[in-house]
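These notes concern the structure reproduced below.
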Amino acid sequence: MKLTILGSGTGIVTARRGSSGYLINIANKTLLLDSGSGTLKKIAEASVNFKDIDYAIYTHFHPDHVTDLISLLFALRIPSNYKGKDLTVIGPAGMKEFHRNLTKVFNNFIEARGYDLTINELPGGHLDFGDFRLTSSLINHHEGSLAYRVESKDGKSLVYSGDTDYCESIVDLARDVDVLLLECSYPKHIKVDGHLNSTLAGRIARESNCRKLILTHFYPICDDYDISGQCKEEFKGEIVLAEDLMTIEI
């Protein structure tokens with residue numbers, strides 16, 4: 001399993017950090033986790049062909065996590081880019097209606113052409129795909145927001161929090177995980193409902209007993225603080241601060 005950070009930032013895009021987007025490669029499958037504005041460009045910069053994406057998986061419907069679903073679906077129907085293999089989109093409750101509304105707004109210009117598109121909703125529970133298992137859990141952010149656990153056939157595991165506040169469900173989902181990809185929106189002296197700061201992120205890592213913690217979803221203020229040092233007040237294990245286009249073997 002390999003993780004590529006496409007966007008380590010938020011809705012406030014900077015030269016350093018784009019909006020949320022992550023790729024996971026498992027065996028011969030490519031998973032896209034969230035796709036905020038600019039994700040399609042970052043996929044190209046990572047030397048990945050967007051036509052190779054098998055699954056596009058979404059945590060919630062805020063623009064900095066979902067905007068480039070529009071760009072992806074539009075690009076896939078341009079004649080020179082006919083996909084040739086199928087795409088499955090997975091998201092929270094309401095994903096099917098969200099897609100229908102987008103299709104209507106864009107006058108059907110994002111409808112699938114040259115491939116089959118499947119829309120699944122996974123508001124809790126799991127799906128088995130042969131090469132991997134995907135488990136979702138409701139977390140404390142916006143109504144219906146999800147976190148995901150991805151487990152490969154050989155036992156490697158990753159949990160992606162999406163946007164979350166501290167809650168037992170993210171701790172439980174991340175129990176003993178190999179990599180916890182966890183939002184860390186703010187330094188420890190700032191607390192905003194629905195989001196984590198550095199010390200709360202460390203608390204989740206410690207309580208879940210994750211093997212490696214990758215912090216991401218940084219608002220620009222985080223770049224002015226020792227986020228890793230603050231997080232270590234709670235978690236003594238390995239901590240990585242995500243950067244755009246970083247790759248991690250799991």
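Residue names in the structure tokens use chain letters A, B, ... in the order shown, residue numbers from 1 in each chain, and ligand numbers from 1 in the order shown.
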If you run DSSP on this backbone, which residues of range 49-178 of chain A come out as alpha helix (DSSP H), and could you give them as an MDAnalysis selection string? chainID A and resid 63:66 68:76 95:105 168:173
With C-alpha atoms retained, write the just-selected residues as an mmCIF file, in the first residue's frame.
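Okay, again24.cif is ready:
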data_model
loop_
_atom_site.group_PDB
_atom_site.id
_atom_site.type_symbol
_atom_site.label_atom_id
_atom_site.label_comp_id
_atom_site.auth_asym_id
_atom_site.auth_seq_id
_atom_site.Cartn_x
_atom_site.Cartn_y
_atom_site.Cartn_z
ATOM 1 C CA PRO A 63 -16.045 22.281 -1.120
ATOM 2 C CA ASP A 64 -12.429 21.804 -0.024
ATOM 3 C CA HIS A 65 -13.002 18.045 -0.052
ATOM 4 C CA VAL A 66 -15.222 17.488 -3.076
ATOM 5 C CA ASP A 68 -12.646 18.352 -8.074
ATOM 6 C CA LEU A 69 -15.119 15.491 -8.342
ATOM 7 C CA ILE A 70 -16.705 17.806 -10.926
ATOM 8 C CA SER A 71 -13.373 18.248 -12.712
ATOM 9 C CA LEU A 72 -12.697 14.511 -12.656
ATOM 10 C CA LEU A 73 -16.062 13.506 -14.086
ATOM 11 C CA PHE A 74 -15.884 16.200 -16.763
ATOM 12 C CA ALA A 75 -12.356 15.214 -17.818
ATOM 13 C CA LEU A 76 -13.332 11.555 -18.050
ATOM 14 C CA MET A 95 -23.942 10.955 -2.181
ATOM 15 C CA LYS A 96 -26.395 9.810 -4.869
ATOM 16 C CA GLU A 97 -28.508 12.936 -4.536
ATOM 17 C CA PHE A 98 -25.378 15.093 -4.529
ATOM 18 C CA HIS A 99 -24.278 13.540 -7.826
ATOM 19 C CA ARG A 100 -27.742 13.935 -9.355
ATOM 20 C CA ASN A 101 -27.776 17.617 -8.414
ATOM 21 C CA LEU A 102 -24.311 18.177 -9.896
ATOM 22 C CA THR A 103 -25.374 16.464 -13.110
ATOM 23 C CA LYS A 104 -28.399 18.723 -13.367
ATOM 24 C CA VAL A 105 -26.395 21.893 -12.648
ATOM 25 C CA GLU A 168 -14.616 8.014 20.368
ATOM 26 C CA SER A 169 -15.550 6.816 16.892
ATOM 27 C CA ILE A 170 -12.301 8.026 15.296
ATOM 28 C CA VAL A 171 -10.297 6.482 18.148
ATOM 29 C CA ASP A 172 -12.090 3.156 17.696
ATOM 30 C CA LEU A 173 -11.741 3.184 13.901
#
What's the 10 Å shell around Ile221 in chain A, counting only C-alpha atoms, without same-chain residues fewer than 6 positions away, as a list in words? Ser185, Tyr186 and Pro187 of chain A
Selection: 9 Å around Ala27 in chain A, only C-alpha atoms, excl. self and same-chain fewer than 3 positions, as a PyMOL selection string: chain A and resi 1+30+131-132+152
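The shortest atom-to-atom distance to Phe235 in chain A, with only C-alpha atoms taken into account, belongs to A:Gly202 out of A:Gly124, A:Gly84, A:Gly202, A:Pro220.
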Determine which residues of range 146-217 of chain A receive a DSSP assignment of strand (DSSP E), computed from the backbone, and state them as a ChimeraX atom specification. /A:146-152,157-160,179-183,212-216
Restricting it to C-alpha atoms, dump the selection as a compact mmCIF listing (two decimals), in the first residue's frame.
# COMPACT_ATOMS: atom_id res chain seq x y z
CA LEU A 146 -17.29 9.97 7.65
CA ALA A 147 -13.82 8.67 8.40
CA TYR A 148 -12.49 5.59 6.57
CA ARG A 149 -10.27 2.64 7.31
CA VAL A 150 -8.58 0.94 4.35
CA GLU A 151 -7.14 -2.55 4.90
CA SER A 152 -5.21 -4.52 2.30
CA SER A 157 -4.04 -0.56 7.25
CA LEU A 158 -4.64 3.18 6.98
CA VAL A 159 -7.28 5.39 8.57
CA TYR A 160 -8.20 8.76 7.07
CA VAL A 179 -0.96 4.79 9.51
CA LEU A 180 -3.38 7.35 10.92
CA LEU A 181 -3.86 10.21 8.45
CA LEU A 182 -5.40 12.75 10.80
CA GLU A 183 -6.60 16.30 10.37
CA LYS A 212 2.50 6.11 12.60
CA LEU A 213 0.69 9.46 12.73
CA ILE A 214 0.55 11.69 9.65
CA LEU A 215 -0.90 15.11 10.40
CA THR A 216 -2.62 16.99 7.57
Top pick for closest residue to Gly114 in chain A, considering A:Ser136, A:Thr10, A:Asn81, A:Thr88 and counting only C-alpha atoms: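 The shortest atom-to-atom distance to Gly114 in chain A comes from A:Asn81.
In this comparison, which uses only C-alpha atoms, the residue of A:Leu245, A:Cys184, A:Val89, A:Val13 approaching Val48 in chain A most closely is A:Leu245.
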What does the distance between CA of Thr4 in chain A and CA of Tyr82 in chain A come to in Å, to one decimal place?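 Value for the CA of Thr4 in chain A-CA of Tyr82 in chain A distance: 24.5 Å.
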